[in-house]
file run-v9.cif (mmCIF, C-alpha atoms and all ligand atoms)
data_structure
loop_
_atom_site.group_PDB
_atom_site.id
_atom_site.type_symbol
_atom_site.label_atom_id
_atom_site.label_comp_id
_atom_site.auth_asym_id
_atom_site.auth_seq_id
_atom_site.Cartn_x
_atom_site.Cartn_y
_atom_site.Cartn_z
ATOM 1 C CA MET W 286 -8.792 -1.715 11.569
ATOM 2 C CA LYS W 287 -8.219 -0.265 15.056
ATOM 3 C CA GLU W 288 -10.248 2.761 16.081
ATOM 4 C CA ASP W 289 -9.942 5.197 18.929
ATOM 5 C CA ARG W 290 -10.961 8.701 19.939
ATOM 6 C CA ALA W 291 -8.325 11.333 19.159
ATOM 7 C CA ALA W 292 -8.158 14.770 20.751
ATOM 8 C CA GLY W 293 -11.296 16.694 19.818
ATOM 9 C CA GLY W 294 -13.454 13.572 19.869
ATOM 10 C CA LYS W 295 -12.973 12.517 16.239
ATOM 11 C CA ARG W 296 -12.483 8.870 15.477
ATOM 12 C CA LEU W 297 -8.871 7.907 14.807
ATOM 13 C CA ALA W 298 -8.286 4.722 12.848
ATOM 14 C CA ILE W 299 -5.060 2.979 11.897
ATOM 15 C CA ARG W 300 -5.687 0.964 8.748
ATOM 16 C CA ARG W 301 -3.876 -0.379 5.696
ATOM 17 C CA MET W 302 -2.947 2.267 3.114
ATOM 18 C CA CYS W 303 -4.863 2.072 -0.163
ATOM 19 C CA GLU W 304 -4.509 3.840 -3.493
ATOM 20 C CA ASP W 305 -7.094 6.480 -2.598
ATOM 21 C CA ASP W 306 -4.855 7.595 0.296
ATOM 22 C CA ILE W 307 -1.783 8.266 -1.809
ATOM 23 C CA ASP W 308 -2.457 11.910 -2.732
ATOM 24 C CA ALA W 309 -2.863 12.851 0.934
ATOM 25 C CA VAL W 310 0.120 10.737 1.984
ATOM 26 C CA TRP W 311 2.336 12.228 -0.686
ATOM 27 C CA SER W 312 1.315 15.750 0.247
ATOM 28 C CA ILE W 313 2.410 15.101 3.875
ATOM 29 C CA GLU W 314 5.605 13.461 2.622
ATOM 30 C CA ARG W 315 6.564 16.499 0.494
ATOM 31 C CA ASP W 316 5.839 18.881 3.350
ATOM 32 C CA LEU W 317 7.936 17.006 5.924
ATOM 33 C CA PHE W 318 10.963 15.559 4.170
ATOM 34 C CA PRO W 319 13.795 17.371 2.336
ATOM 35 C CA THR W 320 14.180 14.377 -0.008
ATOM 36 C CA PRO W 321 10.632 13.017 -0.247
ATOM 37 C CA TRP W 322 9.858 9.613 -1.697
ATOM 38 C CA PRO W 323 8.438 9.915 -5.202
ATOM 39 C CA ARG W 324 4.715 9.308 -5.523
ATOM 40 C CA ARG W 325 5.345 6.084 -7.431
ATOM 41 C CA SER W 326 7.078 4.629 -4.347
ATOM 42 C CA PHE W 327 3.801 4.781 -2.434
ATOM 43 C CA VAL W 328 1.940 3.272 -5.377
ATOM 44 C CA PHE W 329 4.468 0.432 -5.337
ATOM 45 C CA GLU W 330 4.203 -0.080 -1.571
ATOM 46 C CA VAL W 331 0.415 -0.302 -1.697
ATOM 47 C CA GLY W 332 0.618 -2.930 -4.441
ATOM 48 C CA ASN W 333 3.572 -4.857 -3.016
ATOM 49 C CA SER W 334 1.688 -6.516 -0.207
ATOM 50 C CA ARG W 335 4.015 -9.514 0.260
ATOM 51 C CA THR W 336 6.838 -7.579 1.913
ATOM 52 C CA SER W 337 5.322 -4.097 2.354
ATOM 53 C CA TYR W 338 3.217 -3.110 5.311
ATOM 54 C CA ALA W 339 1.850 0.403 4.791
ATOM 55 C CA VAL W 340 -0.723 1.987 7.111
ATOM 56 C CA VAL W 341 -2.398 5.343 7.522
ATOM 57 C CA ALA W 342 -3.792 7.180 10.529
ATOM 58 C CA SER W 343 -7.177 8.426 9.439
ATOM 59 C CA GLU W 344 -9.344 10.841 11.377
ATOM 60 C CA GLY W 345 -12.839 11.668 10.241
ATOM 61 C CA GLY W 346 -11.866 10.324 6.812
ATOM 62 C CA ALA W 347 -8.741 12.529 6.517
ATOM 63 C CA VAL W 348 -5.263 11.001 6.371
ATOM 64 C CA ILE W 349 -3.145 12.639 9.083
ATOM 65 C CA GLY W 350 -0.219 10.233 9.240
ATOM 66 C CA TYR W 351 1.279 7.102 7.764
ATOM 67 C CA ALA W 352 3.981 4.508 8.159
ATOM 68 C CA VAL W 353 5.657 2.068 5.789
ATOM 69 C CA GLY W 354 7.658 -1.008 6.739
ATOM 70 C CA TRP W 355 9.053 -4.079 5.015
ATOM 71 C CA PHE W 356 9.043 -7.613 6.346
ATOM 72 C CA VAL W 357 12.281 -9.243 5.239
ATOM 73 C CA GLY W 358 13.373 -12.527 6.754
ATOM 74 C CA ASP W 359 13.291 -12.282 10.516
ATOM 75 C CA GLU W 360 12.968 -8.523 10.538
ATOM 76 C CA LEU W 361 10.611 -5.606 10.054
ATOM 77 C CA HIS W 362 12.503 -2.625 8.645
ATOM 78 C CA ILE W 363 10.644 0.665 9.087
ATOM 79 C CA GLY W 364 11.101 2.950 6.086
ATOM 80 C CA ASN W 365 8.886 5.847 7.014
ATOM 81 C CA VAL W 366 6.762 7.212 9.867
ATOM 82 C CA ALA W 367 5.164 10.618 9.454
ATOM 83 C CA VAL W 368 2.433 12.724 11.025
ATOM 84 C CA ARG W 369 0.916 15.791 9.382
ATOM 85 C CA ARG W 370 2.651 18.900 10.739
ATOM 86 C CA ASP W 371 -0.444 20.365 12.405
ATOM 87 C CA ARG W 372 -1.176 17.084 14.231
ATOM 88 C CA GLN W 373 2.291 16.276 15.550
ATOM 89 C CA GLY W 374 2.732 15.876 19.288
ATOM 90 C CA SER W 375 -0.731 14.422 19.928
ATOM 91 C CA GLY W 376 0.099 10.726 20.121
ATOM 92 C CA ILE W 377 -0.455 9.745 16.487
ATOM 93 C CA GLY W 378 3.184 8.713 15.923
ATOM 94 C CA ARG W 379 2.850 6.452 18.949
ATOM 95 C CA ARG W 380 -0.289 4.865 17.507
ATOM 96 C CA LEU W 381 1.403 4.220 14.162
ATOM 97 C CA LEU W 382 4.485 2.707 15.794
ATOM 98 C CA GLU W 383 2.359 0.551 18.100
ATOM 99 C CA ASP W 384 0.534 -0.771 15.039
ATOM 100 C CA LEU W 385 3.828 -1.687 13.330
ATOM 101 C CA MET W 386 5.084 -3.366 16.494
ATOM 102 C CA ARG W 387 1.847 -5.326 16.863
ATOM 103 C CA GLU W 388 2.115 -6.509 13.274
ATOM 104 C CA ALA W 389 5.774 -7.502 13.822
ATOM 105 C CA SER W 390 4.711 -9.510 16.827
ATOM 106 C CA ALA W 391 1.826 -11.143 14.939
ATOM 107 C CA ARG W 392 4.181 -12.152 12.105
ATOM 108 C CA LYS W 393 6.669 -13.448 14.666
ATOM 109 C CA VAL W 394 9.747 -11.601 13.443
ATOM 110 C CA SER W 395 12.546 -11.076 15.946
ATOM 111 C CA TYR W 396 13.712 -7.531 15.192
ATOM 112 C CA ILE W 397 12.554 -4.133 14.079
ATOM 113 C CA THR W 398 15.159 -1.791 12.582
ATOM 114 C CA LEU W 399 15.168 1.711 11.132
ATOM 115 C CA GLU W 400 17.406 4.636 10.243
ATOM 116 C CA VAL W 401 16.806 8.126 11.595
ATOM 117 C CA ARG W 402 18.591 11.446 11.165
ATOM 118 C CA ALA W 403 20.943 12.065 14.082
ATOM 119 C CA SER W 404 19.322 15.510 14.594
ATOM 120 C CA ASN W 405 15.700 14.255 14.623
ATOM 121 C CA VAL W 406 15.074 14.503 18.356
ATOM 122 C CA SER W 407 11.323 13.918 18.221
ATOM 123 C CA ALA W 408 11.606 10.730 16.155
ATOM 124 C CA ILE W 409 14.518 9.430 18.251
ATOM 125 C CA GLY W 410 12.463 10.209 21.371
ATOM 126 C CA LEU W 411 9.526 8.253 19.970
ATOM 127 C CA TYR W 412 11.644 5.223 19.078
ATOM 128 C CA ARG W 413 13.517 5.184 22.396
ATOM 129 C CA ARG W 414 10.216 5.296 24.223
ATOM 130 C CA TYR W 415 9.331 2.014 22.520
ATOM 131 C CA GLY W 416 12.596 0.293 23.393
ATOM 132 C CA PHE W 417 14.652 1.047 20.280
ATOM 133 C CA LYS W 418 18.401 1.260 20.892
ATOM 134 C CA GLU W 419 21.086 2.817 18.720
ATOM 135 C CA ILE W 420 23.231 0.048 17.300
ATOM 136 C CA ALA W 421 25.239 1.818 14.587
ATOM 137 C CA ILE W 422 25.879 5.129 12.873
ATOM 138 C CA ARG W 423 25.860 5.435 9.092
ATOM 139 C CA LYS W 424 28.207 8.346 8.395
ATOM 140 C CA GLY W 425 26.936 10.898 5.856
ATOM 141 C CA TYR W 426 23.913 8.737 5.022
ATOM 142 C CA TYR W 427 21.567 11.569 3.981
ATOM 143 C CA THR W 428 22.477 12.979 0.594
ATOM 144 C CA ASP W 429 20.819 16.403 1.007
ATOM 145 C CA ASN W 430 23.063 17.600 3.863
ATOM 146 C CA GLY W 431 25.502 14.770 4.539
ATOM 147 C CA GLU W 432 23.934 14.108 7.932
ATOM 148 C CA ASP W 433 24.610 10.846 9.774
ATOM 149 C CA ALA W 434 21.890 8.244 10.292
ATOM 150 C CA LEU W 435 21.452 6.405 13.553
ATOM 151 C CA VAL W 436 20.526 2.763 13.024
ATOM 152 C CA MET W 437 18.092 1.736 15.749
ATOM 153 C CA LEU W 438 16.860 -1.715 16.665
ATOM 154 C CA ALA W 439 14.138 -3.096 18.908
ATOM 155 C CA GLU W 440 13.704 -6.729 19.753
ATOM 156 C CA VAL W 441 10.173 -8.042 19.325
ATOM 157 C CA GLY W 442 8.540 -9.723 22.301
ATOM 158 C CA GLY W 443 11.391 -9.190 24.758
ATOM 159 C CA GLY W 444 14.069 -10.326 22.319
ATOM 160 C CA GLU W 445 14.313 -14.080 22.611
ATOM 161 C CA GLY W 446 15.785 -14.271 19.101
ATOM 162 C CA GLY W 447 19.366 -14.877 20.210
ATOM 163 C CA HIS W 448 20.964 -14.070 16.850
ATOM 164 C CA GLU W 449 22.003 -10.992 14.925
ATOM 165 C CA PRO W 450 19.602 -9.375 12.422
ATOM 166 C CA ALA W 451 20.435 -9.995 8.787
ATOM 167 C CA THR W 452 20.174 -6.436 7.507
ATOM 168 C CA ALA W 453 20.617 -4.116 10.474
ATOM 169 C CA VAL W 454 24.035 -2.717 9.600
HETATM 170 C C1 LIG F 501 8.502 11.825 14.497
HETATM 171 C C2 LIG F 501 6.972 11.846 14.385
HETATM 172 C C3 LIG F 501 6.514 10.705 13.491
HETATM 173 C C4 LIG F 501 6.390 11.629 15.795
HETATM 174 O O1 LIG F 501 4.973 11.622 15.699
HETATM 175 P P1 LIG F 501 4.078 12.483 16.713
HETATM 176 O O2 LIG F 501 2.668 12.154 16.472
HETATM 177 O O3 LIG F 501 4.479 13.910 16.591
HETATM 178 O O4 LIG F 501 4.597 11.909 18.108
HETATM 179 P P2 LIG F 501 3.710 11.551 19.388
HETATM 180 O O5 LIG F 501 2.858 12.709 19.756
HETATM 181 O O6 LIG F 501 3.070 10.237 19.195
HETATM 182 O O7 LIG F 501 4.873 11.429 20.472
HETATM 183 C C5 LIG F 501 5.394 10.161 20.766
HETATM 184 C C6 LIG F 501 6.649 10.283 21.584
HETATM 185 O O8 LIG F 501 7.695 10.811 20.776
HETATM 186 C C7 LIG F 501 8.575 11.532 21.612
HETATM 187 N N1 LIG F 501 8.609 12.916 21.140
HETATM 188 C C8 LIG F 501 7.710 13.552 20.360
HETATM 189 N N2 LIG F 501 8.127 14.820 20.145
HETATM 190 C C9 LIG F 501 9.305 14.952 20.798
HETATM 191 C C10 LIG F 501 10.235 16.011 20.945
HETATM 192 N N3 LIG F 501 10.064 17.199 20.362
HETATM 193 N N4 LIG F 501 11.353 15.768 21.678
HETATM 194 C C11 LIG F 501 11.580 14.575 22.253
HETATM 195 N N5 LIG F 501 10.717 13.531 22.154
HETATM 196 C C12 LIG F 501 9.609 13.726 21.440
HETATM 197 C C13 LIG F 501 8.055 11.434 23.010
HETATM 198 O O9 LIG F 501 8.610 10.299 23.625
HETATM 199 C C14 LIG F 501 6.573 11.222 22.782
HETATM 200 O O10 LIG F 501 5.937 10.613 23.810
HETATM 201 P P3 LIG F 501 5.212 11.553 24.943
HETATM 202 O O11 LIG F 501 4.352 12.518 24.209
HETATM 203 O O12 LIG F 501 4.430 10.591 25.767
HETATM 204 O O13 LIG F 501 6.338 12.211 25.669
HETATM 205 C C15 LIG F 501 6.442 13.219 13.853
HETATM 206 O O14 LIG F 501 6.900 14.236 14.686
HETATM 207 C C16 LIG F 501 6.845 13.500 12.417
HETATM 208 O O15 LIG F 501 6.112 13.169 11.485
HETATM 209 N N6 LIG F 501 7.999 14.134 12.205
HETATM 210 C C17 LIG F 501 8.447 14.520 10.855
HETATM 211 C C18 LIG F 501 8.754 13.290 10.022
HETATM 212 C C19 LIG F 501 9.824 12.447 10.657
HETATM 213 O O16 LIG F 501 10.856 12.961 11.089
HETATM 214 N N7 LIG F 501 9.600 11.128 10.700
HETATM 215 C C20 LIG F 501 10.542 10.171 11.257
HETATM 216 C C21 LIG F 501 11.475 9.687 10.202
HETATM 217 S S1 LIG F 501 12.582 8.463 10.865
#
call {"tool": "encode", "arguments": {"input": "run-v9.cif", "output": "structure tokens"}}
result
Amino acid sequence: MKEDRAAGGKRLAIRRMCEDDIDAVWSIERDLFPTPWPRRSFVFEVGNSRTSYAVVASEGGAVIGYAVGWFVGDELHIGNVAVRRDRQGSGIGRRLLEDLMREASARKVSYITLEVRASNVSAIGLYRRYGFKEIAIRKGYYTDNGEDALVMLAEVGGGEGGHEPATAV
């Protein structure tokens, strides 16, 4: 578990998600996303520790953000990064992404990939800041409004992999 001081002096920790976190996580999920994951998806991710890597940002015992990724082959695919609405813009997304990138490096995968709505400027800004590049567009990917997804990829550890990711596009 990595701890730090967030704005306001409270202790911010990034740690693995557990079952007791799911109510808070799901409440953030429903607030932020037009097509939220069902609650059972988080239950599955917490139990599916072989491929899933799910973490929460916890501050003074309260869950204020979370991220879920899957390690598949030579790749970490990020499925979800979210920060509670009232805490966005204070560096918590960065902390979550840094944790995922550290884990990808520790597990020695070559690539990190994700999809993001083409209109999601704050998320795209976050990913670009950490070296993610747009490698493809999935036309009409989001079923609620037909919006395109950008597929973004970052190479882990300076990208010495030298081969294409298995599942990026
Ligand atoms: C996207 C999200 C996870 C970012 O988390 P956050 O805690 O708000 O972001 P941070 O404060 O850590 O900001 C990190 C970086 O993101 C970028 N960023 C954040 N908001 C931005 C904005 N409105 N415009 C452009 N870039 C932005 C910046 O590069 C920023 O770094 P900086 O503050 O040093 O300039 C958060 O806003 C969120 O939960 N959004 C709703 C859910 C969502 O869209 N998730 C992504 C799904 S792919």
call {"tool": "residues_near_ligand", "arguments": {"input": "run-v9.cif", "ligand": "ligand LIG 501 (chain F)", "cutoff": "7 Å", "atoms": "only C-alpha atoms and all ligand atoms", "output": "list in words"}}
result
Leu317, Phe318, Asn365, Val366, Ala367, Val368, Arg369, Arg370, Arg372, Gln373, Gly374, Ser375, Gly376, Ile377, Gly378, Arg379, Arg380, Glu400, Val401, Arg402, Asn405, Val406, Ser407, Ala408, Ile409, Gly410, Leu411 and Arg414 of chain W
call {"tool": "write_last_selection", "arguments": {"input": "run-v9.cif", "atoms": "C-alpha atoms", "output": "PDB file, in the coordinates of the input"}}
result
ATOM      1  CA  LEU W 317       7.936  17.006   5.924  1.00  0.00           C
ATOM      2  CA  PHE W 318      10.963  15.559   4.170  1.00  0.00           C
ATOM      3  CA  ASN W 365       8.886   5.847   7.014  1.00  0.00           C
ATOM      4  CA  VAL W 366       6.762   7.212   9.867  1.00  0.00           C
ATOM      5  CA  ALA W 367       5.164  10.618   9.454  1.00  0.00           C
ATOM      6  CA  VAL W 368       2.433  12.724  11.025  1.00  0.00           C
ATOM      7  CA  ARG W 369       0.916  15.791   9.382  1.00  0.00           C
ATOM      8  CA  ARG W 370       2.651  18.900  10.739  1.00  0.00           C
ATOM      9  CA  ARG W 372      -1.176  17.084  14.231  1.00  0.00           C
ATOM     10  CA  GLN W 373       2.291  16.276  15.550  1.00  0.00           C
ATOM     11  CA  GLY W 374       2.732  15.876  19.288  1.00  0.00           C
ATOM     12  CA  SER W 375      -0.731  14.422  19.928  1.00  0.00           C
ATOM     13  CA  GLY W 376       0.099  10.726  20.121  1.00  0.00           C
ATOM     14  CA  ILE W 377      -0.455   9.745  16.487  1.00  0.00           C
ATOM     15  CA  GLY W 378       3.184   8.713  15.923  1.00  0.00           C
ATOM     16  CA  ARG W 379       2.850   6.452  18.949  1.00  0.00           C
ATOM     17  CA  ARG W 380      -0.289   4.865  17.507  1.00  0.00           C
ATOM     18  CA  GLU W 400      17.406   4.636  10.243  1.00  0.00           C
ATOM     19  CA  VAL W 401      16.806   8.126  11.595  1.00  0.00           C
ATOM     20  CA  ARG W 402      18.591  11.446  11.165  1.00  0.00           C
ATOM     21  CA  ASN W 405      15.700  14.255  14.623  1.00  0.00           C
ATOM     22  CA  VAL W 406      15.074  14.503  18.356  1.00  0.00           C
ATOM     23  CA  SER W 407      11.323  13.918  18.221  1.00  0.00           C
ATOM     24  CA  ALA W 408      11.606  10.730  16.155  1.00  0.00           C
ATOM     25  CA  ILE W 409      14.518   9.430  18.251  1.00  0.00           C
ATOM     26  CA  GLY W 410      12.463  10.209  21.371  1.00  0.00           C
ATOM     27  CA  LEU W 411       9.526   8.253  19.970  1.00  0.00           C
ATOM     28  CA  ARG W 414      10.216   5.296  24.223  1.00  0.00           C
TER      29      ARG W 414
END
call {"tool": "resolve_selection", "arguments": {"input": "run-v9.cif", "expression": "the PyMOL selection byres (((chain W and resi 396) around 6) and not hetatm)", "output": "list in words"}}
result
Glu360, Val394, Ser395, Ile397, Ala439, Glu440 and Val441 of chain W
call {"tool": "resolve_selection", "arguments": {"input": "run-v9.cif", "expression": "the PyMOL selection byres (((chain W and resi 330) around 10) and not hetatm)", "output": "NGL selection string"}}
result
:W and (302-304 or 325-329 or 331-339 or 353-355)
call {"tool": "residues_around", "arguments": {"input": "run-v9.cif", "residues": "Ala309 in chain W", "least_positions_apart": "6", "cutoff": "9 Å", "atoms": "all atoms listed in the file", "output": "number ranges by chain"}}
result
W: 347-349
call {"tool": "write_last_selection", "arguments": {"input": "run-v9.cif", "atoms": "C-alpha atoms", "output": "PDB file, in the coordinates of the input"}}
result
ATOM      1  CA  ALA W 347      -8.741  12.529   6.517  1.00  0.00           C
ATOM      2  CA  VAL W 348      -5.263  11.001   6.371  1.00  0.00           C
ATOM      3  CA  ILE W 349      -3.145  12.639   9.083  1.00  0.00           C
TER       4      ILE W 349
END
call {"tool": "atom_distance", "arguments": {"input": "run-v9.cif", "atom1": "CA of Val436 in chain W", "atom2": "CA of Ala352 in chain W"}}
result
17.3 Å
call {"tool": "atom_distance", "arguments": {"input": "run-v9.cif", "atom1": "CA of Trp322 in chain W", "atom2": "CA of Gly345 in chain W"}}
result
25.7 Å
call {"tool": "atom_distance", "arguments": {"input": "run-v9.cif", "atom1": "CA of Pro319 in chain W", "atom2": "CA of Asn430 in chain W"}}
result
9.4 Å
